[in-house]
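Colleague: Dropping a structure here in structure tokens format, bear with me for questions.
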There are 4 protein chains.
Amino acid sequence: MVNLCSDNVSGALPQVVEALAAAASGPAMPYGADPWTERLEARLSEVFEREVAVLPVASGTAANVLSLAGLTPPWGAVYCHLDGHVNVDECGAFEFFSGGAKLIDLPGSEGRISLSALDRAVVLAGEHDVHVAQPAAVSITNVTEVGTLYTPAQVSEVAEVCRRHGLSLHMDGARFANAVAALGCSPAEVTWKAGVEVLSLGGTKGGCLAAEAVVLFDPAKKREMEFRRKKAGQLFSKMRFLSAQLVGWLEDGLWLKAATHANAMAARLGVGLDGLDGARLLGPVEANMAFVDLAEPLRDGLRARGHAFYPAAPAGPDAVRLVASFETTEADVETFLADARALAEG
Amino acid sequence: MVNLCSDNVSGALPQVVEALAAAASGPAMPYGADPWTERLEARLSEVFEREVAVLPVASGTAANVLSLAGLTPPWGAVYCHLDGHVNVDECGAFEFFSGGAKLIDLPGSEGRISLSALDRAVVLAGEHDVHVAQPAAVSITNVTEVGTLYTPAQVSEVAEVCRRHGLSLHMDGARFANAVAALGCSPAEVTWKAGVEVLSLGGTKGGCLAAEAVVLFDPAKKREMEFRRKKAGQLFSKMRFLSAQLVGWLEDGLWLKAATHANAMAARLGVGLDGLDGARLLGPVEANMAFVDLAEPLRDGLRARGHAFYPAAPAGPDAVRLVASFETTEADVETFLADARALAEG
Amino acid sequence: MVNLCSDNVSGALPQVVEALAAAASGPAMPYGADPWTERLEARLSEVFEREVAVLPVASGTAANVLSLAGLTPPWGAVYCHLDGHVNVDECGAFEFFSGGAKLIDLPGSEGRISLSALDRAVVLAGEHDVHVAQPAAVSITNVTEVGTLYTPAQVSEVAEVCRRHGLSLHMDGARFANAVAALGCSPAEVTWKAGVEVLSLGGTKGGCLAAEAVVLFDPAKKREMEFRRKKAGQLFSKMRFLSAQLVGWLEDGLWLKAATHANAMAARLGVGLDGLDGARLLGPVEANMAFVDLAEPLRDGLRARGHAFYPAAPAGPDAVRLVASFETTEADVETFLADARALAEG
Amino acid sequence: MVNLCSDNVSGALPQVVEALAAAASGPAMPYGADPWTERLEARLSEVFEREVAVLPVASGTAANVLSLAGLTPPWGAVYCHLDGHVNVDECGAFEFFSGGAKLIDLPGSEGRISLSALDRAVVLAGEHDVHVAQPAAVSITNVTEVGTLYTPAQVSEVAEVCRRHGLSLHMDGARFANAVAALGCSPAEVTWKAGVEVLSLGGTKGGCLAAEAVVLFDPAKKREMEFRRKKAGQLFSKMRFLSAQLVGWLEDGLWLKAATHANAMAARLGVGLDGLDGARLLGPVEANMAFVDLAEPLRDGLRARGHAFYPAAPAGPDAVRLVASFETTEADVETFLADARALAEG
């Protein structure tokens with residue numbers, strides 16, 4: 001009975017809940033004028049080794065579309081991978097929050113935007129002048145939708161195309177902790193040092209209850225973003241409760257420890273399944289997601305035993321996605337694998 | 001050192017925090033397909049004595065503007081009091097989420113929309129045909145911005161004007177608990193039985209961390225609202241954490257007990273100040289807000305002793321607003337009043 | 001059978017139609033890259049005695065809302081008179097095109113915004129920080145909705161308030177020709193020299209078929225406005241046909257001659273009616289609109305004889321608005337007055 | 001010196017200009033309450049052999065995006081060909097006017113949407129529920145962007161997919177006259193009889209100055225569309241001048257005669273070039289556009305002699321697009337071909 005549908009089926013890290021409870025009594029000024037929010041900004045400035053501006057919001061969709069709306073005029077175009085969450089799973093929120101800007105989806109292997117496709121698209125747009133949405137920004141996802149990573153060098157390559165064309169660069173980091181934990185680099189190296197201007201930093205999937213943050217590597221852009229957040233209904237009166245979650249999550253490297261664990265569990269699932277009769281790992285497990293071809297009897301059998309996971313249709317008719325979280329235990333993994341082995345050998 | 005700026009400077013009710021903590025471990029399906037969200041809808045159907053559809057969101061602005069966007073086409077007009085939160089404190093969120101509909105602000109004494117002004121405005125709009133935003137809905141606030149109440153009979157009077165003109169009726173219930181506690185009526189009587197179609201039910205000010213709910217008295221409208229919520233970035237993956245707050249808050253009448261307490265504390269503040277030298281209560285304390293004229297020395301003296309409260313400029317140059325919450329203790333009130341007396345007599 | 005409902009019930013000036021016909025054959029590059037559009041910009045630079053950027057559009061609503069959308073962010077506020085066309089007769093187009101900015105309507109006698117009300121509103125907004133739409137611009141109308149004028153000095157007074165608060169100033173000039181003709185000043189004096197940054201220059205009411213122009217006194221803002229126009233569906237492929245109308249209209253001072261005639265006809269109507277039994281002119285006729293109290297029998301009698309005009313409800317139950325255009329002849333005026341006299345004496 | 005860049009480089013048909021001039025004097029009620037607009041609706045009801053509702057607008061972008069905004073909620077998806085004008089040449093106007101709906105571009109040979117790609121995309125969207133923009137409508141272009149046609153049978157095939165999935169069907173008919181003239185069918189057969197619900201009927205490219213019409217085959221939808229048009233700044237006060245153009249254009253089959261001529265000129269260009277040294281027709285000329293591979297010396301030579309045409313990059317590095325209009329004469333064609341022959345033989 002292991003639920004591997006997504007890392008958002010998990011609860012919350014006990015330390016995060018404790019941090020929340022500890023923030024729950026006594027007065028504090030609203031709308032972010034509280035000590036927790038101040039601490040969060042200071043803490044993330046340390047984490048990223050530079051002054052950053054931070055705006056906590058409560059959903060990943062909000063973090064993404066507010067970030068991007070700040071990087072494009074209504075007549076602009078933002079480029080993303082065709083599998084990007086902002087493209088396929090946010091119900092047009094980008095188009096709405098940007099005032100009708102265009103999201104141009106691009107192909108690319110292993111979840112990463114093809115740089116040549118990006119370059120071509122931007123050049124093409126430039127030739128049509130006022131009739132065409134003007135290239136404004138690129139959004140990449142790290143960990144990508146297919147579980148792969150952007151290394152700092154790969155981010156820099158995207159940033160180089162951006163620089164050449166005068167585009168801004170945004171990173172959707174719903175699983176940023178998993179990416180950093182897997183890459184073994186510093187948070188700075190894979191973001192602003194590589195050319196990222198704005199990061200959607202995801203806390204929810206990593207162990208918070210509902211807390212994400214827009215991280216602006218250019219703090220001067222904070223003021224405008226504050227208005228965008230307010231107008232979006234994402235300025236919370238008891239802001240301390242968003243900030244306290246993130247502060248607790250960042251404390252003592254908890255965020256990276258939890259992500260390291262989740263990554264390890266996913267790797268074990270991938271390795272453990274690969275080669276069983278009817279199972280084939282579809283690529284190396286780079287972070288906390290394993291994509292695996294499971295033959296129908298194996299899929300059905302695992303589900304019949306109460307395990308849960310989603311199909312990964314774009315990867316093939318038999319492909320499934322197994323996502324581990326901080327809450328996935330070694331025992332969970334063993335149970336799942338034991339059942340898989342039993343079914344495969346059965 | 002008592003903070004009476006707003007009820008949103010409070011923390012959270014311990015029972016709500018406990019409910020949240022109890023929901024924090026183990027898997028649950030995301031986006032509302034969890035037991036807490038199901039329980040919340042059932043619980044609110046009991047509270048309102050009829051089947052309702054419920055969409056938890058994380059801010060009052062979101063609750064209001066999603067509710068209203070569902071009641072007006074982009075070419076519609078929504079009427080509200082000129083002091084209404086949606087009019088003056090949401091930075092144009094209504095205009096944005098409604099696709100550019102018009103919010104028409106109307107005068108009215110004691111925070112309630114003037115029915116004759118409403119009627120005139122609607123009739124006037126009708127004469128201009130396609131050039132004018134078409135009357136679509138009315139939004140009233142209960143408790144109003146100036147601390148007064150709409151009784152069920154007064155809501156019915158607004159609803160009667162709405163019915164006559166074919167308008168929908170929304171209630172901004174950021175302090176709905178305080179209203180119900182003060183009115184001594186049932187939640188049903190002051191909402192759908194009186195003609196309200198959609199309620200923004202506020203949990204945050206009443207003791208939750210960040211939880212509001214759009215309550216649809218016509219459950220058939222839920223599907224459309226789900227899309228609006230998603231597109232607004234207000235569909236939370238770990239929805240259980242919003243629902244669990246509200247479930248805990250509604251448990252055993254906690255929401256009304258907490259509101260009753262807050263109301264009582266505000267009343268005590270009002271009565272205790274009225275008649276002191278330099279202090280005059282500006283109207284009966286109907287819910288959890290007292291509006292008081294405080295002479296400058298008294299204001300300054302109280303602030304010098306660490307007390308906090310906001311001016312209430314529209315009520316006069318010396319007017320201040322004192323808001324009590326579930327967290328305001330009798331000792332707080334006594335401390336504040338003792339300091340006021342000392343200053344007044346000093 | 002004289003139609004005085006509005007100046008938009010008129011046809012078009014023969015010279016404008018001729019200019020259009022003369023532009024109708026042979027190829028020209030589309031979207032404004034044609035000689036007529038170039039000539040229009042040069043011509044208006046002469047008219048306004050400085051380099052201006054000009055964007056022809058096809059409706060007054062488009063001219064106004066594109067102008068204003070360029071002067072406010074989505075979280076901004078634009079102030080206008082409560083009778084302003086953009087406020088009451090554009091069905092929320094401003095709210096839509098601005099991405100949900102707020103239009104704050106202000107009182108003011110004789111159709112002009114009260115400067116003290118404006119100042120108060122801006123100061124008030126400043127105190128609420130991020131919760132409140134941020135003061136961004138002021139829009140005034142010249143000729144106003146009630147037929148009065150803003151003199152250059154009065155425009156300067158509004159501009160002074162704008163300067164003090166960092167606001168932009170827009171003029172809705174749907175009847176700008178009538179204003180300039182009546183004021184006897186230069187177009188420059190009542191616009192940029194007095195502090196106006198953007199003008200909606202109306203050609204339609206003055207004798208064009210459907211042609212208005214956004215006139216930017218800061219030509220550097222043209223590029224952004226071009227994108228706004230395109231995205232609004234107001235970039236016309238055969239732009240020459242908009243530009244040619246305006247070029248023809250501006251030729252040899254035709255626009256001012258036509259306006260002078262219209263103004264004179266309105267004055268004659270006003271003077272001729274005033275003092276008849278049952279008729280009273282409600283104020284001096286400053287441009288091409290006369291507001292007159294007509295007793296019911298007189299109104300009915302005139303309509304029974306085929307004359308057409310609208311009520312002017314805000315000015316009183318018996319008030320009507322009589323609008324003259326370039327097409328209103330002296331004979332029209334005499335016929336109308338003769339019928340009025342006959343009825344009054346009857 | 002022949003300009004074949006587009007059919008929008010042409011002027012206007014003399015009969016259309018005459019119709020306009022004939023409408024130019026005397027009063028008429030504004031905003032469409034005039035005899036020309038009434039006549040237009042009656043005339044188009046005859047043309048389409050059923051009662052239709054007609055809303056004249058002034059640009060093709062406006063016609064398209066208002067039509068489509070009426071067919072999708074803000075959380076909907078509209079499917080179009082990836083070369084579609086609404087996708088690549090309207091600067092995100094669809095995204096803006098629809099309140100942030102998604103435009104999903106699909107591949108397809110010869111400018112027509114691949115039915116299997118359409119089917120797949122709709123099915124895929126259905127599996128993601130609230131996270132994904134909901135399939136709402138399909139927009140096809142006839143004549144397509146690459147000069148091909150949709151026959152009535154081919155339209156019916158698209159409509160069949162729409163019916164299966166509950167989608168509406170819109171036709172962008174910027175060159176509808178050319179399509180009907182080429183197909184030899186009735187206007188009804190290729191629109192509502194084949195399943196089209198809304199048509200953007202283009203007059204501008206066919207010989208009007210600036211006149212398009214949204215044609216609603218379900219007249220009950222007119223009221224809502226009137227508000228959309230107003231709010232878009234596309235409700236013209238002197239509407240007669242839009243309607244008169246279209247009435248003149250439709251008179252005595254002028255629209256089809258003009259289109260037949262344009263089609264013939266394009267065919268002659270295509271045939272005349274095909275096979276010259278350095279020239280190759282890229283497909284049959286189905287309407288008024290010929291796509292031709294021209295070797296660089298030939299292209300340069302023709303341009304050096306003053307001829308104008310655009311590259312057609314998607315069709316190959318040497319491809320150009322030659323567009324004929326009502327104004328393209330046989331002499332123009334002969335001049336162009338003679339120059340081409342001279343250069344090819346040179």
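Numbering starts fresh at 1 for the residues of each chain in the structure tokens, the chains themselves are lettered A, B, ... in the order given, and ligands are numbered from 1 as they appear.
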As a VMD selection string, please: the residues near stretch 130-141 of chain A (cut-off 8 Å, only C-alpha atoms, same-chain neighbours under 4 positions excluded).
Modeller: (chain A and resid 68 71 to 73 75 to 81 84 101 to 102 112 to 113 122 125 to 126 145 162 166 to 174) or (chain C and resid 226 to 227 230) or (chain D and resid 88 to 92)
Colleague: List the neighbours of C:Arg43 out to 12 Å using only C-alpha atoms; skip same-chain residues closer than 2 positions along the sequence, and give me the result as a PDB file with N, CA, C and O atoms, in the first residue's frame.
Modeller:
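For reference, selection_11.pdb as written:
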ATOM      1  N   PRO C  35       2.390  56.172 -47.196  1.00  0.00           N
ATOM      2  CA  PRO C  35       2.651  57.627 -47.175  1.00  0.00           C
ATOM      3  C   PRO C  35       1.616  58.437 -46.394  1.00  0.00           C
ATOM      4  O   PRO C  35       1.950  59.472 -45.823  1.00  0.00           O
ATOM      5  N   TRP C  36       0.363  57.987 -46.374  1.00  0.00           N
ATOM      6  CA  TRP C  36      -0.666  58.761 -45.679  1.00  0.00           C
ATOM      7  C   TRP C  36      -0.393  58.803 -44.178  1.00  0.00           C
ATOM      8  O   TRP C  36      -0.553  59.826 -43.537  1.00  0.00           O
ATOM      9  N   THR C  37       0.017  57.657 -43.660  1.00  0.00           N
ATOM     10  CA  THR C  37       0.276  57.576 -42.220  1.00  0.00           C
ATOM     11  C   THR C  37       1.493  58.424 -41.841  1.00  0.00           C
ATOM     12  O   THR C  37       1.503  59.113 -40.812  1.00  0.00           O
ATOM     13  N   GLU C  38       2.477  58.394 -42.718  1.00  0.00           N
ATOM     14  CA  GLU C  38       3.655  59.226 -42.487  1.00  0.00           C
ATOM     15  C   GLU C  38       3.264  60.711 -42.509  1.00  0.00           C
ATOM     16  O   GLU C  38       3.679  61.496 -41.655  1.00  0.00           O
ATOM     17  N   ARG C  39       2.434  61.043 -43.482  1.00  0.00           N
ATOM     18  CA  ARG C  39       1.998  62.432 -43.599  1.00  0.00           C
ATOM     19  C   ARG C  39       1.196  62.863 -42.372  1.00  0.00           C
ATOM     20  O   ARG C  39       1.318  63.985 -41.896  1.00  0.00           O
ATOM     21  N   LEU C  40       0.378  61.949 -41.885  1.00  0.00           N
ATOM     22  CA  LEU C  40      -0.443  62.280 -40.717  1.00  0.00           C
ATOM     23  C   LEU C  40       0.431  62.639 -39.526  1.00  0.00           C
ATOM     24  O   LEU C  40       0.180  63.635 -38.825  1.00  0.00           O
ATOM     25  N   GLU C  41       1.460  61.841 -39.315  1.00  0.00           N
ATOM     26  CA  GLU C  41       2.335  62.119 -38.168  1.00  0.00           C
ATOM     27  C   GLU C  41       3.043  63.464 -38.342  1.00  0.00           C
ATOM     28  O   GLU C  41       3.163  64.247 -37.388  1.00  0.00           O
ATOM     29  N   SER C  45       2.463  66.783 -36.054  1.00  0.00           N
ATOM     30  CA  SER C  45       3.629  67.414 -35.411  1.00  0.00           C
ATOM     31  C   SER C  45       3.607  68.922 -35.658  1.00  0.00           C
ATOM     32  O   SER C  45       3.981  69.719 -34.790  1.00  0.00           O
ATOM     33  N   GLU C  46       3.167  69.307 -36.850  1.00  0.00           N
ATOM     34  CA  GLU C  46       2.986  70.736 -37.118  1.00  0.00           C
ATOM     35  C   GLU C  46       1.866  71.328 -36.267  1.00  0.00           C
ATOM     36  O   GLU C  46       2.020  72.367 -35.637  1.00  0.00           O
ATOM     37  N   VAL C  47       0.742  70.645 -36.273  1.00  0.00           N
ATOM     38  CA  VAL C  47      -0.422  71.141 -35.531  1.00  0.00           C
ATOM     39  C   VAL C  47      -0.076  71.363 -34.070  1.00  0.00           C
ATOM     40  O   VAL C  47      -0.496  72.345 -33.455  1.00  0.00           O
ATOM     41  N   PHE C  48       0.711  70.424 -33.519  1.00  0.00           N
ATOM     42  CA  PHE C  48       1.034  70.528 -32.088  1.00  0.00           C
ATOM     43  C   PHE C  48       2.386  71.201 -31.820  1.00  0.00           C
ATOM     44  O   PHE C  48       2.850  71.238 -30.694  1.00  0.00           O
ATOM     45  N   GLU C  49       3.021  71.666 -32.888  1.00  0.00           N
ATOM     46  CA  GLU C  49       4.265  72.440 -32.750  1.00  0.00           C
ATOM     47  C   GLU C  49       5.370  71.675 -32.031  1.00  0.00           C
ATOM     48  O   GLU C  49       6.155  72.244 -31.277  1.00  0.00           O
ATOM     49  N   ARG C  50       5.398  70.378 -32.208  1.00  0.00           N
ATOM     50  CA  ARG C  50       6.489  69.566 -31.679  1.00  0.00           C
ATOM     51  C   ARG C  50       6.380  68.167 -32.283  1.00  0.00           C
ATOM     52  O   ARG C  50       5.350  67.790 -32.817  1.00  0.00           O
ATOM     53  N   GLU C  51       7.438  67.413 -32.160  1.00  0.00           N
ATOM     54  CA  GLU C  51       7.371  66.049 -32.667  1.00  0.00           C
ATOM     55  C   GLU C  51       6.411  65.233 -31.817  1.00  0.00           C
ATOM     56  O   GLU C  51       6.555  65.170 -30.600  1.00  0.00           O
ATOM     57  N   VAL C  52       5.455  64.629 -32.456  1.00  0.00           N
ATOM     58  CA  VAL C  52       4.541  63.732 -31.750  1.00  0.00           C
ATOM     59  C   VAL C  52       4.556  62.380 -32.449  1.00  0.00           C
ATOM     60  O   VAL C  52       4.916  62.277 -33.615  1.00  0.00           O
ATOM     61  N   ALA C  53       4.196  61.337 -31.699  1.00  0.00           N
ATOM     62  CA  ALA C  53       3.969  60.026 -32.303  1.00  0.00           C
ATOM     63  C   ALA C  53       2.471  59.802 -32.372  1.00  0.00           C
ATOM     64  O   ALA C  53       1.749  60.157 -31.431  1.00  0.00           O
ATOM     65  N   VAL C  54       2.006  59.244 -33.487  1.00  0.00           N
ATOM     66  CA  VAL C  54       0.572  59.146 -33.728  1.00  0.00           C
ATOM     67  C   VAL C  54       0.208  57.703 -34.072  1.00  0.00           C
ATOM     68  O   VAL C  54       0.846  57.083 -34.919  1.00  0.00           O
ATOM     69  N   VAL C 215      -2.334  60.390 -29.691  1.00  0.00           N
ATOM     70  CA  VAL C 215      -1.219  61.307 -29.916  1.00  0.00           C
ATOM     71  C   VAL C 215      -0.322  61.287 -28.687  1.00  0.00           C
ATOM     72  O   VAL C 215      -0.754  61.644 -27.585  1.00  0.00           O
ATOM     73  N   SER C 243      -5.616  56.894 -41.899  1.00  0.00           N
ATOM     74  CA  SER C 243      -4.754  58.077 -41.943  1.00  0.00           C
ATOM     75  C   SER C 243      -5.272  59.103 -42.941  1.00  0.00           C
ATOM     76  O   SER C 243      -5.246  60.310 -42.682  1.00  0.00           O
ATOM     77  N   ALA C 244      -5.739  58.616 -44.090  1.00  0.00           N
ATOM     78  CA  ALA C 244      -6.206  59.536 -45.125  1.00  0.00           C
ATOM     79  C   ALA C 244      -7.389  60.369 -44.639  1.00  0.00           C
ATOM     80  O   ALA C 244      -7.517  61.544 -44.974  1.00  0.00           O
ATOM     81  N   LEU C 246      -7.928  61.349 -41.591  1.00  0.00           N
ATOM     82  CA  LEU C 246      -7.435  62.373 -40.659  1.00  0.00           C
ATOM     83  C   LEU C 246      -6.631  63.436 -41.384  1.00  0.00           C
ATOM     84  O   LEU C 246      -6.719  64.629 -41.059  1.00  0.00           O
ATOM     85  N   VAL C 247      -5.858  63.013 -42.386  1.00  0.00           N
ATOM     86  CA  VAL C 247      -5.099  63.985 -43.170  1.00  0.00           C
ATOM     87  C   VAL C 247      -6.059  64.949 -43.873  1.00  0.00           C
ATOM     88  O   VAL C 247      -5.880  66.174 -43.851  1.00  0.00           O
ATOM     89  N   GLY C 248      -7.110  64.395 -44.459  1.00  0.00           N
ATOM     90  CA  GLY C 248      -8.101  65.233 -45.137  1.00  0.00           C
ATOM     91  C   GLY C 248      -8.799  66.184 -44.166  1.00  0.00           C
ATOM     92  O   GLY C 248      -9.095  67.338 -44.494  1.00  0.00           O
ATOM     93  N   TRP C 249      -9.032  65.681 -43.002  1.00  0.00           N
ATOM     94  CA  TRP C 249      -9.760  66.453 -41.983  1.00  0.00           C
ATOM     95  C   TRP C 249      -8.914  67.616 -41.453  1.00  0.00           C
ATOM     96  O   TRP C 249      -9.415  68.690 -41.122  1.00  0.00           O
ATOM     97  N   LEU C 250      -7.620  67.380 -41.385  1.00  0.00           N
ATOM     98  CA  LEU C 250      -6.710  68.406 -40.850  1.00  0.00           C
ATOM     99  C   LEU C 250      -6.313  69.437 -41.903  1.00  0.00           C
ATOM    100  O   LEU C 250      -5.832  70.531 -41.571  1.00  0.00           O
ATOM    101  N   GLU C 251      -6.517  69.098 -43.176  1.00  0.00           N
ATOM    102  CA  GLU C 251      -6.075  69.933 -44.290  1.00  0.00           C
ATOM    103  C   GLU C 251      -6.707  71.329 -44.231  1.00  0.00           C
ATOM    104  O   GLU C 251      -7.916  71.471 -44.115  1.00  0.00           O
ATOM    105  N   ASP C 252      -5.867  72.336 -44.374  1.00  0.00           N
ATOM    106  CA  ASP C 252      -6.363  73.723 -44.449  1.00  0.00           C
ATOM    107  C   ASP C 252      -7.267  74.113 -43.282  1.00  0.00           C
ATOM    108  O   ASP C 252      -8.204  74.905 -43.451  1.00  0.00           O
ATOM    109  N   GLY C 253      -7.033  73.518 -42.148  1.00  0.00           N
ATOM    110  CA  GLY C 253      -7.822  73.914 -40.980  1.00  0.00           C
ATOM    111  C   GLY C 253      -9.271  73.472 -41.032  1.00  0.00           C
ATOM    112  O   GLY C 253     -10.105  73.954 -40.252  1.00  0.00           O
TER     113      GLY C 253
END
Colleague: How far is it from atom CA of A:His165 to atom CA of D:Leu106, in Å with one decimal?
Modeller: 26.5 Å
Colleague: Can you pull out the residues contacting stretch 109-111 of chain B? Cut-off 12 Å, using only C-alpha atoms, and skip same-chain residues under 5 positions away; I want them as an MDAnalysis selection string.
Modeller: chainID B and resid 80:85 116:117 140:150 282:286 291 314:315
Colleague: Taking only C-alpha atoms into account, what are the residues of chain C at most 8 Å from chain D, put as a PyMOL selection string?
Modeller: chain C and resi 3+8-14+17+21+23-30+58-62+90-93+96+204+209-210+227+230-238+241+327
Colleague: Run DSSP on the backbone and tell me which residues of stretch 159-331 of chain D come out as strand (DSSP E or B); list them as a PyMOL selection string.
Modeller: chain D and resi 168-173+198-202+212-216+279-281+289-294+308+310-311+319-323
